[in-house]
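Colleague: This one is start_27.cif, mmCIF, C-alpha atoms; chains and numbers go by the auth columns.
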data_start
loop_
_atom_site.group_PDB
_atom_site.id
_atom_site.type_symbol
_atom_site.label_atom_id
_atom_site.label_comp_id
_atom_site.label_asym_id
_atom_site.label_seq_id
_atom_site.Cartn_x
_atom_site.Cartn_y
_atom_site.Cartn_z
_atom_site.B_iso_or_equiv
_atom_site.auth_seq_id
_atom_site.auth_asym_id
ATOM 1 C CA MET A 1 -55.159 94.461 238.631 0.00 7 B
ATOM 2 C CA ILE A 2 -58.900 93.790 238.487 0.00 8 B
ATOM 3 C CA PRO A 3 -59.522 91.004 235.953 0.00 9 B
ATOM 4 C CA ILE A 4 -60.957 91.958 232.579 0.00 10 B
ATOM 5 C CA GLN A 5 -64.319 90.346 231.915 0.00 11 B
ATOM 6 C CA LEU A 6 -64.421 88.489 228.600 0.00 12 B
ATOM 7 C CA TYR A 7 -67.862 87.765 227.151 0.00 13 B
ATOM 8 C CA THR A 8 -67.313 85.038 224.590 0.00 14 B
ATOM 9 C CA TYR A 9 -68.155 81.722 222.991 0.00 15 B
ATOM 10 C CA GLN A 10 -66.297 79.017 221.068 0.00 16 B
ATOM 11 C CA THR A 11 -66.082 80.818 217.713 0.00 17 B
ATOM 12 C CA PRO A 12 -63.187 82.213 215.647 0.00 18 B
ATOM 13 C CA ASN A 13 -64.066 85.761 216.672 0.00 19 B
ATOM 14 C CA GLY A 14 -64.252 84.764 220.310 0.00 20 B
ATOM 15 C CA HIS A 15 -60.887 83.050 220.045 0.00 21 B
ATOM 16 C CA LYS A 16 -59.244 86.248 218.831 0.00 22 B
ATOM 17 C CA ALA A 17 -59.924 87.877 222.202 0.00 23 B
ATOM 18 C CA SER A 18 -59.046 84.882 224.386 0.00 24 B
ATOM 19 C CA ILE A 19 -55.789 84.284 222.491 0.00 25 B
ATOM 20 C CA MET A 20 -54.848 87.946 222.813 0.00 26 B
ATOM 21 C CA LEU A 21 -55.576 87.912 226.532 0.00 27 B
ATOM 22 C CA GLU A 22 -53.419 84.817 226.941 0.00 28 B
ATOM 23 C CA GLU A 23 -50.638 86.371 224.867 0.00 29 B
ATOM 24 C CA THR A 24 -50.606 89.614 226.848 0.00 30 B
ATOM 25 C CA GLY A 25 -50.851 87.950 230.240 0.00 31 B
ATOM 26 C CA LEU A 26 -53.576 90.318 231.413 0.00 32 B
ATOM 27 C CA PRO A 27 -55.782 88.727 234.099 0.00 33 B
ATOM 28 C CA TYR A 28 -59.282 87.937 232.885 0.00 34 B
ATOM 29 C CA GLU A 29 -62.460 86.070 233.687 0.00 35 B
ATOM 30 C CA VAL A 30 -64.795 84.403 231.238 0.00 36 B
ATOM 31 C CA ARG A 31 -68.481 85.214 230.962 0.00 37 B
ATOM 32 C CA LEU A 32 -69.977 82.587 228.669 0.00 38 B
ATOM 33 C CA VAL A 33 -72.437 83.883 226.070 0.00 39 B
ATOM 34 C CA ASP A 34 -74.089 80.801 224.587 0.00 40 B
ATOM 35 C CA ILE A 35 -75.017 82.074 221.144 0.00 41 B
ATOM 36 C CA GLU A 36 -76.660 78.765 220.253 0.00 42 B
ATOM 37 C CA ARG A 37 -79.024 79.246 223.176 0.00 43 B
ATOM 38 C CA GLY A 38 -79.604 82.902 222.311 0.00 44 B
ATOM 39 C CA ASP A 39 -77.799 84.540 225.235 0.00 45 B
ATOM 40 C CA GLN A 40 -76.582 87.314 222.925 0.00 46 B
ATOM 41 C CA LYS A 41 -80.170 88.552 222.581 0.00 47 B
ATOM 42 C CA GLU A 42 -80.728 88.947 226.314 0.00 48 B
ATOM 43 C CA ALA A 43 -81.120 92.476 227.689 0.00 49 B
ATOM 44 C CA ALA A 44 -78.053 92.200 229.919 0.00 50 B
ATOM 45 C CA PHE A 45 -75.789 91.428 226.973 0.00 51 B
ATOM 46 C CA LEU A 46 -77.433 93.955 224.667 0.00 52 B
ATOM 47 C CA ALA A 47 -76.625 96.598 227.254 0.00 53 B
ATOM 48 C CA LEU A 48 -72.951 95.806 226.588 0.00 54 B
ATOM 49 C CA ASN A 49 -73.204 95.442 222.819 0.00 55 B
ATOM 50 C CA PRO A 50 -76.434 96.483 221.063 0.00 56 B
ATOM 51 C CA ASN A 51 -75.132 94.656 217.976 0.00 57 B
ATOM 52 C CA ASN A 52 -75.516 91.373 219.945 0.00 58 B
ATOM 53 C CA LYS A 53 -72.152 89.945 218.865 0.00 59 B
ATOM 54 C CA ILE A 54 -69.298 88.391 220.813 0.00 60 B
ATOM 55 C CA PRO A 55 -66.616 89.008 221.916 0.00 61 B
ATOM 56 C CA VAL A 56 -66.997 91.896 224.328 0.00 62 B
ATOM 57 C CA ILE A 57 -64.584 92.888 227.058 0.00 63 B
ATOM 58 C CA VAL A 58 -65.296 94.942 230.158 0.00 64 B
ATOM 59 C CA ASP A 59 -62.268 96.434 231.846 0.00 65 B
ATOM 60 C CA PRO A 60 -63.513 97.493 235.312 0.00 66 B
ATOM 61 C CA GLU A 61 -60.231 99.092 236.316 0.00 67 B
ATOM 62 C CA ALA A 62 -60.284 101.420 233.306 0.00 68 B
ATOM 63 C CA GLY A 63 -64.067 101.807 233.223 0.00 69 B
ATOM 64 C CA ARG A 64 -64.163 100.649 229.612 0.00 70 B
ATOM 65 C CA THR A 65 -66.361 98.333 227.568 0.00 71 B
ATOM 66 C CA VAL A 66 -64.933 97.415 224.167 0.00 72 B
ATOM 67 C CA VAL A 67 -66.749 95.639 221.319 0.00 73 B
ATOM 68 C CA GLU A 68 -65.621 94.378 217.890 0.00 74 B
ATOM 69 C CA SER A 69 -62.739 91.915 217.898 0.00 75 B
ATOM 70 C CA GLY A 70 -60.285 94.158 216.054 0.00 76 B
ATOM 71 C CA ALA A 71 -60.868 97.029 218.457 0.00 77 B
ATOM 72 C CA ILE A 72 -60.493 94.627 221.373 0.00 78 B
ATOM 73 C CA LEU A 73 -57.099 93.426 220.129 0.00 79 B
ATOM 74 C CA HIS A 74 -55.826 96.964 219.667 0.00 80 B
ATOM 75 C CA TYR A 75 -57.152 97.940 223.114 0.00 81 B
ATOM 76 C CA LEU A 76 -55.469 94.968 224.793 0.00 82 B
ATOM 77 C CA ALA A 77 -52.190 95.733 223.044 0.00 83 B
ATOM 78 C CA GLU A 78 -52.324 99.302 224.337 0.00 84 B
ATOM 79 C CA ARG A 79 -53.428 98.149 227.794 0.00 85 B
ATOM 80 C CA SER A 80 -50.585 95.657 228.127 0.00 86 B
ATOM 81 C CA GLY A 81 -47.909 97.498 226.165 0.00 87 B
ATOM 82 C CA ARG A 82 -47.315 94.361 224.120 0.00 88 B
ATOM 83 C CA PHE A 83 -47.632 93.517 220.419 0.00 89 B
ATOM 84 C CA LEU A 84 -47.664 97.188 219.484 0.00 90 B
ATOM 85 C CA PRO A 85 -45.902 97.939 216.190 0.00 91 B
ATOM 86 C CA ALA A 86 -42.836 100.090 216.639 0.00 92 B
ATOM 87 C CA GLY A 87 -43.339 102.660 213.903 0.00 93 B
ATOM 88 C CA GLU A 88 -46.048 104.513 212.005 0.00 94 B
ATOM 89 C CA ARG A 89 -45.635 102.345 208.907 0.00 95 B
ATOM 90 C CA GLU A 90 -46.040 99.116 210.883 0.00 96 B
ATOM 91 C CA ARG A 91 -49.039 100.509 212.771 0.00 97 B
ATOM 92 C CA THR A 92 -50.750 101.460 209.522 0.00 98 B
ATOM 93 C CA ASP A 93 -49.954 98.057 208.002 0.00 99 B
ATOM 94 C CA THR A 94 -51.339 96.360 211.119 0.00 100 B
ATOM 95 C CA LEU A 95 -54.554 98.326 210.792 0.00 101 B
ATOM 96 C CA ALA A 96 -54.779 97.444 207.094 0.00 102 B
ATOM 97 C CA TRP A 97 -54.359 93.714 207.672 0.00 103 B
ATOM 98 C CA THR A 98 -56.755 93.590 210.618 0.00 104 B
ATOM 99 C CA LEU A 99 -59.317 95.312 208.393 0.00 105 B
ATOM 100 C CA PHE A 100 -58.533 92.816 205.619 0.00 106 B
ATOM 101 C CA GLN A 101 -59.461 90.035 208.012 0.00 107 B
ATOM 102 C CA ALA A 102 -62.640 91.789 209.125 0.00 108 B
ATOM 103 C CA ALA A 103 -63.746 92.739 205.606 0.00 109 B
ATOM 104 C CA HIS A 104 -62.660 89.711 203.572 0.00 110 B
ATOM 105 C CA ILE A 105 -61.426 86.651 205.449 0.00 111 B
ATOM 106 C CA GLY A 106 -64.086 86.497 208.167 0.00 112 B
ATOM 107 C CA PRO A 107 -67.101 87.316 205.968 0.00 113 B
ATOM 108 C CA THR A 108 -65.988 84.929 203.204 0.00 114 B
ATOM 109 C CA LEU A 109 -65.335 81.988 205.484 0.00 115 B
ATOM 110 C CA GLY A 110 -68.414 82.817 207.545 0.00 116 B
ATOM 111 C CA GLN A 111 -70.635 82.647 204.473 0.00 117 B
ATOM 112 C CA LEU A 112 -68.986 79.415 203.381 0.00 118 B
ATOM 113 C CA TRP A 113 -69.595 78.001 206.862 0.00 119 B
ATOM 114 C CA ASN A 114 -73.240 78.997 206.673 0.00 120 B
ATOM 115 C CA PHE A 115 -73.953 77.552 203.227 0.00 121 B
ATOM 116 C CA LYS A 116 -71.716 74.481 203.543 0.00 122 B
ATOM 117 C CA VAL A 117 -72.536 73.451 207.121 0.00 123 B
ATOM 118 C CA PHE A 118 -75.666 75.117 208.486 0.00 124 B
ATOM 119 C CA ALA A 119 -77.944 75.685 205.499 0.00 125 B
ATOM 120 C CA ALA A 120 -80.718 73.140 205.117 0.00 126 B
ATOM 121 C CA GLU A 121 -80.337 73.296 201.345 0.00 127 B
ATOM 122 C CA LYS A 122 -76.797 72.866 200.035 0.00 128 B
ATOM 123 C CA ILE A 123 -76.536 74.914 196.824 0.00 129 B
ATOM 124 C CA PRO A 124 -73.413 73.885 194.897 0.00 130 B
ATOM 125 C CA SER A 125 -73.076 77.157 192.978 0.00 131 B
ATOM 126 C CA VAL A 126 -73.180 79.228 196.162 0.00 132 B
ATOM 127 C CA ILE A 127 -70.772 76.937 198.009 0.00 133 B
ATOM 128 C CA GLY A 128 -68.473 77.006 194.984 0.00 134 B
ATOM 129 C CA ARG A 129 -68.523 80.802 194.904 0.00 135 B
ATOM 130 C CA PHE A 130 -67.394 81.114 198.507 0.00 136 B
ATOM 131 C CA GLU A 131 -64.837 78.321 198.146 0.00 137 B
ATOM 132 C CA ALA A 132 -63.347 80.230 195.210 0.00 138 B
ATOM 133 C CA GLU A 133 -63.270 83.467 197.187 0.00 139 B
ATOM 134 C CA SER A 134 -61.686 81.611 200.121 0.00 140 B
ATOM 135 C CA ALA A 135 -58.966 80.370 197.777 0.00 141 B
ATOM 136 C CA ARG A 136 -58.416 83.944 196.590 0.00 142 B
ATOM 137 C CA VAL A 137 -57.954 85.431 200.070 0.00 143 B
ATOM 138 C CA PHE A 138 -55.684 82.510 200.956 0.00 144 B
ATOM 139 C CA ARG A 139 -53.513 83.461 197.975 0.00 145 B
ATOM 140 C CA VAL A 140 -53.385 87.061 199.182 0.00 146 B
ATOM 141 C CA LEU A 141 -52.194 85.908 202.604 0.00 147 B
ATOM 142 C CA ASP A 142 -49.742 83.452 201.057 0.00 148 B
ATOM 143 C CA GLY A 143 -48.178 86.230 199.032 0.00 149 B
ATOM 144 C CA GLN A 144 -47.748 88.435 202.080 0.00 150 B
ATOM 145 C CA LEU A 145 -46.346 85.571 204.149 0.00 151 B
ATOM 146 C CA GLY A 146 -43.951 84.688 201.346 0.00 152 B
ATOM 147 C CA ARG A 147 -42.303 88.055 201.992 0.00 153 B
ATOM 148 C CA HIS A 148 -42.479 88.100 205.795 0.00 154 B
ATOM 149 C CA ALA A 149 -42.376 85.673 208.712 0.00 155 B
ATOM 150 C CA HIS A 150 -45.644 87.106 209.994 0.00 156 B
ATOM 151 C CA ILE A 151 -48.474 89.055 208.433 0.00 157 B
ATOM 152 C CA VAL A 152 -46.899 92.408 209.310 0.00 158 B
ATOM 153 C CA GLY A 153 -43.140 92.075 209.076 0.00 159 B
ATOM 154 C CA GLU A 154 -41.042 89.704 211.128 0.00 160 B
ATOM 155 C CA ALA A 155 -42.738 90.059 214.511 0.00 161 B
ATOM 156 C CA TYR A 156 -45.842 88.235 215.694 0.00 162 B
ATOM 157 C CA GLY A 157 -48.600 90.726 216.388 0.00 163 B
ATOM 158 C CA ILE A 158 -52.204 91.808 216.293 0.00 164 B
ATOM 159 C CA ALA A 159 -52.765 90.941 212.627 0.00 165 B
ATOM 160 C CA ASP A 160 -51.681 87.349 213.294 0.00 166 B
ATOM 161 C CA VAL A 161 -54.017 87.007 216.283 0.00 167 B
ATOM 162 C CA MET A 162 -56.833 88.541 214.237 0.00 168 B
ATOM 163 C CA THR A 163 -56.393 86.144 211.320 0.00 169 B
ATOM 164 C CA TRP A 164 -55.267 82.807 212.714 0.00 170 B
ATOM 165 C CA PRO A 165 -58.555 81.648 214.339 0.00 171 B
ATOM 166 C CA TRP A 166 -60.411 81.937 211.019 0.00 172 B
ATOM 167 C CA ILE A 167 -57.729 80.005 209.152 0.00 173 B
ATOM 168 C CA HIS A 168 -57.901 77.393 211.895 0.00 174 B
ATOM 169 C CA ALA A 169 -61.666 77.154 211.450 0.00 175 B
ATOM 170 C CA ALA A 170 -61.239 76.858 207.683 0.00 176 B
ATOM 171 C CA VAL A 171 -58.878 73.921 208.104 0.00 177 B
ATOM 172 C CA THR A 172 -60.582 72.106 210.983 0.00 178 B
ATOM 173 C CA ARG A 173 -64.263 72.895 210.399 0.00 179 B
ATOM 174 C CA LEU A 174 -64.640 73.603 206.690 0.00 180 B
ATOM 175 C CA GLY A 175 -62.205 71.067 205.280 0.00 181 B
ATOM 176 C CA LEU A 176 -60.136 73.607 203.344 0.00 182 B
ATOM 177 C CA ALA A 177 -56.552 72.636 202.597 0.00 183 B
ATOM 178 C CA LEU A 178 -53.503 74.876 202.637 0.00 184 B
ATOM 179 C CA ASP A 179 -51.474 72.703 200.256 0.00 185 B
ATOM 180 C CA ALA A 180 -51.537 75.306 197.480 0.00 186 B
ATOM 181 C CA ASN A 181 -50.338 78.002 199.897 0.00 187 B
ATOM 182 C CA PRO A 182 -47.066 76.839 201.481 0.00 188 B
ATOM 183 C CA HIS A 183 -46.241 80.152 203.151 0.00 189 B
ATOM 184 C CA LEU A 184 -49.690 80.342 204.711 0.00 190 B
ATOM 185 C CA ALA A 185 -49.331 76.716 205.839 0.00 191 B
ATOM 186 C CA ARG A 186 -45.923 77.450 207.407 0.00 192 B
ATOM 187 C CA TRP A 187 -47.330 80.452 209.290 0.00 193 B
ATOM 188 C CA TYR A 188 -50.461 78.558 210.382 0.00 194 B
ATOM 189 C CA ALA A 189 -48.383 75.773 211.934 0.00 195 B
ATOM 190 C CA ALA A 190 -45.993 78.199 213.639 0.00 196 B
ATOM 191 C CA VAL A 191 -48.801 80.191 215.263 0.00 197 B
ATOM 192 C CA ALA A 192 -50.630 76.992 216.251 0.00 198 B
ATOM 193 C CA ALA A 193 -47.556 75.891 218.200 0.00 199 B
ATOM 194 C CA ARG A 194 -47.626 78.944 220.484 0.00 200 B
ATOM 195 C CA PRO A 195 -48.707 77.927 224.025 0.00 201 B
ATOM 196 C CA ALA A 196 -50.850 81.053 224.442 0.00 202 B
ATOM 197 C CA VAL A 197 -52.706 80.236 221.228 0.00 203 B
ATOM 198 C CA GLN A 198 -53.393 76.716 222.443 0.00 204 B
ATOM 199 C CA ARG A 199 -54.673 78.030 225.766 0.00 205 B
ATOM 200 C CA GLY A 200 -56.818 80.712 224.137 0.00 206 B
ATOM 201 C CA LEU A 201 -58.329 78.188 221.756 0.00 207 B
ATOM 202 C CA ALA A 202 -59.670 76.221 224.742 0.00 208 B
ATOM 203 C CA VAL A 203 -61.651 79.230 226.070 0.00 209 B
ATOM 204 C CA PRO A 204 -64.393 78.848 227.104 0.00 210 B
ATOM 205 C CA ALA A 205 -63.960 75.181 227.922 0.00 211 B
ATOM 206 C CA LEU A 206 -67.058 74.683 230.079 0.00 212 B
ATOM 207 C CA ALA A 207 -70.307 76.582 230.454 0.00 213 B
ATOM 208 C CA ASP A 208 -69.715 77.314 234.133 0.00 214 B
ATOM 209 C CA GLN A 209 -65.949 77.726 234.048 0.00 215 B
ATOM 210 C CA ALA A 210 -64.258 80.957 235.092 0.00 216 B
ATOM 211 C CA HIS A 211 -60.768 81.235 233.618 0.00 217 B
ATOM 212 C CA ALA A 212 -57.935 83.375 234.890 0.00 218 B
ATOM 213 C CA ALA A 213 -54.845 83.874 232.761 0.00 219 B
#
Could the structure of this file be written out as structure tokens, please?

Modeller:
Amino acid sequence: MIPIQLYTYQTPNGHKASIMLEETGLPYEVRLVDIERGDQKEAAFLALNPNNKIPVIVDPEAGRTVVESGAILHYLAERSGRFLPAGERERTDTLAWTLFQAAHIGPTLGQLWNFKVFAAEKIPSVIGRFEAESARVFRVLDGQLGRHAHIVGEAYGIADVMTWPWIHAAVTRLGLALDANPHLARWYAAVAARPAVQRGLAVPALADQAHAA
């Protein structure tokens, strides 16, 4: 199989794709897109994704370019035949929870990251607002994980891969604790222990490194 080309950087969204590639075992190569340097604004990358966001995958064997992390995860599941929900109900629930991550978890934590870490002026009321919203979405996840081993039922799948990197960033980069959410904390630790997650989290390790799963 011709390796899939993964255009990525060390961000939670980038880690979704690298973790999924490691989990599926599909061969891939890394194409570093240094977003701090502005590589995502270069013409070559914009030709792949006019929205100038990572990750992007190019699957030469299938003649496909796929953008948006959620779409990438679903594509890789179909491509590999792994982590696909068995029934219509589970597939719909998987779609719902991947959209929950894209619409609520990522944007909330991303805004908190911006105002708490990157903003020149730290505005307590704004930081407090996004910390409160982060706590709310954590409670939503905790409730779901109190009923199931994983986000959608008992099997590890796309929704877990979609969500875990942002929870990891919240804990390790934003200083948010999971103490008030024991089910979320249990799930976070269990996913973190998966070898494929650990490998995917290290991608890309070096600016000039090509990685093959």

Colleague: Can you pull out every residue within 10 Å of Tyr162 (chain B), counting all atoms listed in the file, but drop anything in the same chain fewer than 6 positions away, and send it as a ChimeraX atom specification?

Modeller: /B:89-91,155-156,197

Colleague: Find the residues near Ala165 (chain B): any atom within 12 Å, counting only C-alpha atoms, skip ones fewer than 2 places away on the same chain, and give them as JSON, numbers by chain.

Modeller: {"B": [22, 26, 75, 76, 77, 79, 80, 83, 89, 90, 91, 96, 97, 98, 99, 100, 101, 102, 103, 104, 105, 106, 107, 108, 147, 150, 151, 156, 157, 158, 159, 160, 161, 162, 163, 167, 168, 169, 170, 171, 172, 197]}

Colleague: Any chance you could resolve the PyMOL selection byres ((chain B and resi 32-43) around 10) against this file and give the residues as a PyMOL selection string?

Modeller: chain B and resi 7-17+24+26-31+44-48+51+58-65+82+85-86+209-219

Colleague: Between CA of His174 (chain B) and CA of Tyr194 (chain B), what is the spacing in Å?

Modeller: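 Distance reported for this atom pair: 7.7 Å.
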
Colleague: Please return the centre and edge lengths, in Å to one decimal, of a box with edges along x, y and z that contains all listed atoms of region 65-72 of chain B, widened by 8 Å on every side, as AutoDock Vina command-line options.

Modeller:
--center_x -63.3 --center_y 99.1 --center_z 230.2 --size_x 22.1 --size_y 21.4 --size_z 28.1

Colleague: Calculated over only C-alpha atoms, which of the candidates B:Pro66, B:Gly181, B:Gly87, B:Gly20 has the smallest distance to Lys122 (chain B)?

Modeller: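 Once distances to Lys122 (chain B) are computed over only C-alpha atoms, the minimum belongs to B:Gly181.
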
Colleague: Counting all atoms listed in the file, which residue out of B:Arg70, B:Arg135, B:Arg142, B:His21 sits closest to Val203 (chain B)?

Modeller: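 With all atoms listed in the file as the atom set, the closest residue is B:His21.
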
Colleague: Just to confirm, what's the straight-line distance from CA of Gln117 (chain B) to CA of Phe136 (chain B) in Å (one decimal)?

Modeller: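 For CA of Gln117 (chain B) relative to CA of Phe136 (chain B), the distance reads 7.0 Å.
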
Colleague: Between B:Leu184, B:Ala175, B:Ala53, B:Val146, which one has atoms that come closest to Leu207 (chain B), using only C-alpha atoms?

Modeller: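 Of the candidates, the smallest distance to Leu207 (chain B) is held by B:Ala175.
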
Colleague: Could you please determine the separation between CA of Pro18 (chain B) and CA of Gly206 (chain B) in Å, to one decimal place?

Modeller: 10.7 Å

Colleague: Check the smallest atom-to-atom distance from each of B:Ala23, B:Ala202, B:Leu54, B:Leu115 to Ala176 (chain B) using all atoms listed in the file, then report the winner.

Modeller: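 Counting all atoms listed in the file, the residue closest to Ala176 (chain B) is B:Leu115.
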